[in-house]
Each structure stands twice: as C-alpha cells, then as structure tokens.
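*Asks:* For reference, the structure I am asking about is given below.
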Protein chains: 2
Amino acid sequence: MRMSELSERSGLPVASIKYYQREALVPFGEHTSANQSQYGEAHVDRLRLVRALIEVGGLTVASAKAVLAAIDNTEMPLDWAFGIAQRAASKSVPVVDDAPGAEAVQRVSALIDDRGLLVTDINPGRPIVARVLESYEALGRSELIDTLPAYLDAAMIVAAADLGAVGAAGERAAGERAAMTETVVVGTVLGDALFAGLRRIAQEHLSHTYYPAPTEAYDIDCEDEEE
Amino acid sequence: MRMSELSERSGLPVASIKYYQREALVPFGEHTSANQSQYGEAHVDRLRLVRALIEVGGLTVASAKAVLAAIDNTEMPLDWAFGIAQRAASKSVPVVDDAPGAEAVQRVSALIDDRGLLVTDINPGRPIVARVLESYEALGRSELIDTLPAYLDAAMIVAAADLGAVGAAGERAAGERAAMTETVVVGTVLGDALFAGLRRIAQEHLSHTYYPAPTEAYDIDCEDEEE
C-alpha cells in the first residue's frame, strides 16, 4: 500500500508517520520509485502499537523506542520485557521525580519481605510507593497508610491477570515470542490507565452507597430492580 | 512564625510559597509590619497539602485550586468532593485527551450495568476505560480485554479501602468534615500512584514465579526460607 493508505489504516496523519520513521520507531517502506514507497501489514500493526503507547499510554518517544526494542528482541526473557515496560510507563507517574527518604524506602522493603515477595532493589514501584507513604505521613493521614494491605491485595489480583494475559497470548500465537512481549508491553503501559478509570467507577458506586446524597443532584443512569 | 520558618517547616522554598499565595492556593499571613508577616500552623498544614497534590499527585495549579475549594467548603456532600478530586486527578491520566468511540463507551456501560453499579454518565472513569479497551481491540490483544473483570474486582477492593479511610478519618476527627474531605482528596489523588507502584512490585514477583530467568542476571534482595 502507499503512504496515503497507511495513514488511513493506522489512523495517523502522514506527518506523524514520517516523524516516527525519522525517530526509528517505525521502519521506512520499500522504495518503488524516486519518491514513492510501498508498505505492508507489518507497518500498519507497528503504527497502531506506536499510537497506543504514545497517545493512550502517555509514553515519550524515547520510552516508546525502548519498549519497541524489547518487543523486537526475541531473545529477551519475558520478565526483562516487563521490567523495561514498567520503567517506561513509570515516567508518567509523577511521584518518581524526587527520591524518597530512607525511612519510607525501608517501610516498603518491610512490606515486600512480610509478604515474601521476590522483588529486586531496582523495581520502579519501590520509590513510587515510598513517596506516597511519605506524603500520607507528612499530612498526618494515618488512615490512608492503613489502606496499604488492601491496595497490595488488589495489585496482586491485577498482576495475576496481567501475567495470565501473557500466557493466553502465548497459547493463541503458539508460543510466538513477539506476541507475548507485545502483550506484556501493551498491558503494562495501558493497564495503569485502565485501573485508574475503573477505580473512579468503583469509588463513585461505593460513595453513593456509603454517603448517599439527594438523588436529584445527580443524573443517575442506572435502573436497578426495575420490575 | 516568620516566612523563613514557614519555608523550613513546609519544605518549600520561599519563592514557591509566594507563588502559591499569589495563585490563592495558600492564604497570606498577618501583616505585623510594613514588610513582615506572621504565619501559623494552619499555613504549614495547607502548604504541605498543596505540595502533596502538586509535587506527588501531579495536579496542575488550577486542579489543586478546585480540590482545595472542595476541602474548604464544609457544606459540600462527601461524594461531590470525590467527584471533584477524581476529575482533578484524571488530568494526569493521558488517555482522556481524545473522546472514545460509541462502541467502546457502550461496552463500559454494559460492564457497569452487569455489575449493578450506580455510576453517573459524567464519571471520568468511563472515557478512560473506553479508550484503553479501544486500543486493546485495535491492537488485536483480546487476551488483555479478558483482564477486565479481574481489574474491576481489584478496583472494588481499592475503592472500599478508600471509603473505609474516609470513615476512619471521620471517627478520628469526631466527624469533622474538613478532615474527611482532606482524606477523600489526598487518597483519590495519590492513590493512583500508590496502586501503580504496588502493581509493579506484584508484577515482578509473579513474573519471577511464572517465567523464571537465570537468577545471576538479577540482584534479588530477598532471602526466603532461610533457616
């Protein structure tokens, strides 16, 4: 296909496609004449992936490049691919800018040890969790520190679903490594946003239940027990 | 106390404090002479809160202002405060830039109805979840769409912990509304980051379990079953 069709199929303007090509996120096409190139399905797939990582997952171009290199390297162990995707997706979590204090870091290590979790020192979750705990502490919000065990339970459920999806991708693609790595990367990057969205839905439902407000102030779009 | 002590106690440079005062996030002090003001504990508390919302939670100054107004309004129902905090904290979720398609929006509504959840049409989680599902679909990652029920289960656990913390804050502060609203706001804004961090920890643990790699490639800091 020509560039115009590639643009239509991928949903990206030609200028963006050319930019991603210059940045080496997407390969150039096959030259068929001096100023024309041909593209295949692999180009469409790659552009859709780039778009999801950058536009939906919020990755920078540099982070997207690191993550695509993990997908393209079929020798890379899957848990390394997880690590690369985690680090890339952590750039959009605001708390990592500042290093947390030693006490908060130690508190996170204690939590990990108590649960018997196997987690390296370089896991990008450690400083994020430590920084949030530090803030809760500084603000005197001890009741929020107490939510930690429930949050970790929920994180284990989500992580098990993430790993299950990788296994399912492997079965579907007959063990093809690129399919599994792509599931690792896409699920890791976009899963943060998916969970944040579902948390807002769950919070609203429970807050109506726990702290009912006059219903006329709301436009509740849910006919339950309508019979 | 004087401005210099306020700066030390809050951990913020004087220039930042003056900026937040001009932006009306923090009140001015009491003038004691032509170029000197006095500050109290309430100023320290407010500055720590502003710092947590902006530096740790990633809110913009405008979003932080909306959230502080919710805390200051003691008449506001708690579930409205949740809504305001949710919307403010959703600005840092990258997926909300673009409106999702009708089909994905409908899929989210079906999920909400199936679970019998009471959620308004304006809940900011709806478009976020819809956009992620659209991306999974476009990328042909059906196995990631299948993670949705587990993610929602986990979101319900986290939301129950969030609401429980609000109740605990209310008991601790003898029903003082400002304490409860502050817990709503801080927990909603910082909870996204807390969960994202814990998810990375849980993923690494499970990925070592499911897909073990040669341990010498890692610096595993965990002596389990050492006896």
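Each chain in the structure tokens gets a letter, A, B and so on, in the order shown; residues start at 1 in every chain, and ligands are counted from 1 in the order they appear.
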Which chain A residues are at most 6 Å from chain B (counting only C-alpha atoms), as a VMD selection string?
*Replies:* chain A and resid 56 58 79 94 to 95 117 to 120 125 128 to 129 143 to 144 147 151 154 to 156 158 to 159 161 165 194 197 to 203 205 207 220 to 221
*Asks:* Among segment 3-180 of chain A, which ones does DSSP assign to strand (DSSP E or B) (computed from the backbone)? Answer as a list in words.
*Replies:*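 Residues of segment 3-180 of chain A classed as strand (DSSP E or B): Glu30, His31, Thr32, Ser33, Gln36, Ser37 and Gln38 of chain A.
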*Asks:* So the first atom is atom CA of Phe28 of chain B and the second is atom CA of Glu41 of chain B; what is the distance between them in Å, to one decimal place?
*Replies:* 13.0 Å
*Asks:* Calculate how many Å separate atom CA of Ile17 of chain B from atom CA of Ala99 of chain A, rounding to one decimal.
*Replies:*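 The value is 21.5 Å.
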*Asks:* Find the residues around Ile84 of chain B up to 8 Å (only C-alpha atoms counted), leave out those fewer than 4 positions away in its own chain, and share them as a list in words.
*Replies:*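 Contacts, with the query itself left out: Ala66, Val67, Ala70, Trp80 and Ala88 of chain B.
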*Asks:* Could you save those same residues with C-alpha atoms as an mmCIF file, in the first residue's frame?
*Replies:*
data_model
loop_
_atom_site.group_PDB
_atom_site.id
_atom_site.type_symbol
_atom_site.label_atom_id
_atom_site.label_comp_id
_atom_site.auth_asym_id
_atom_site.auth_seq_id
_atom_site.Cartn_x
_atom_site.Cartn_y
_atom_site.Cartn_z
ATOM 1 C CA ALA B 66 -10.522 23.240 42.612
ATOM 2 C CA VAL B 67 -9.663 20.472 45.053
ATOM 3 C CA ALA B 70 -13.808 21.350 47.962
ATOM 4 C CA TRP B 80 -19.210 15.592 45.427
ATOM 5 C CA ALA B 88 -8.690 16.795 39.041
#
*Asks:* Near segment 6-8 of chain A, within 10 Å and counting only C-alpha atoms, which residues show up once chain neighbours fewer than 2 positions away are dropped, as a list in words?
*Replies:*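 Counting only C-alpha atoms, the residues come to Met1, Arg2, Met3, Ser4, Ser10, Gly11, Leu12, Pro13, Val14, Ala15, Ser16, Ile17, Gln38, Tyr39, Gly40, Glu41, His43, Val44 and Leu47 of chain A.
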*Asks:* Going by DSSP on the backbone, which bits of segment 28-156 of chain A are alpha helix (DSSP H)? Write them as JSON, numbers by chain, please.
*Replies:* {"A": [41, 42, 43, 44, 45, 46, 47, 48, 49, 50, 51, 61, 62, 63, 64, 65, 66, 67, 68, 69, 70, 71, 72, 78, 79, 80, 81, 82, 83, 84, 85, 86, 87, 88, 89, 90, 102, 103, 104, 105, 106, 107, 108, 109, 110, 111, 112, 113, 114, 125, 126, 127, 128, 129, 130, 131, 132, 133, 134, 135, 136, 137, 138, 142, 143, 144, 145, 148, 149, 150, 151, 152, 153, 154, 155, 156]}
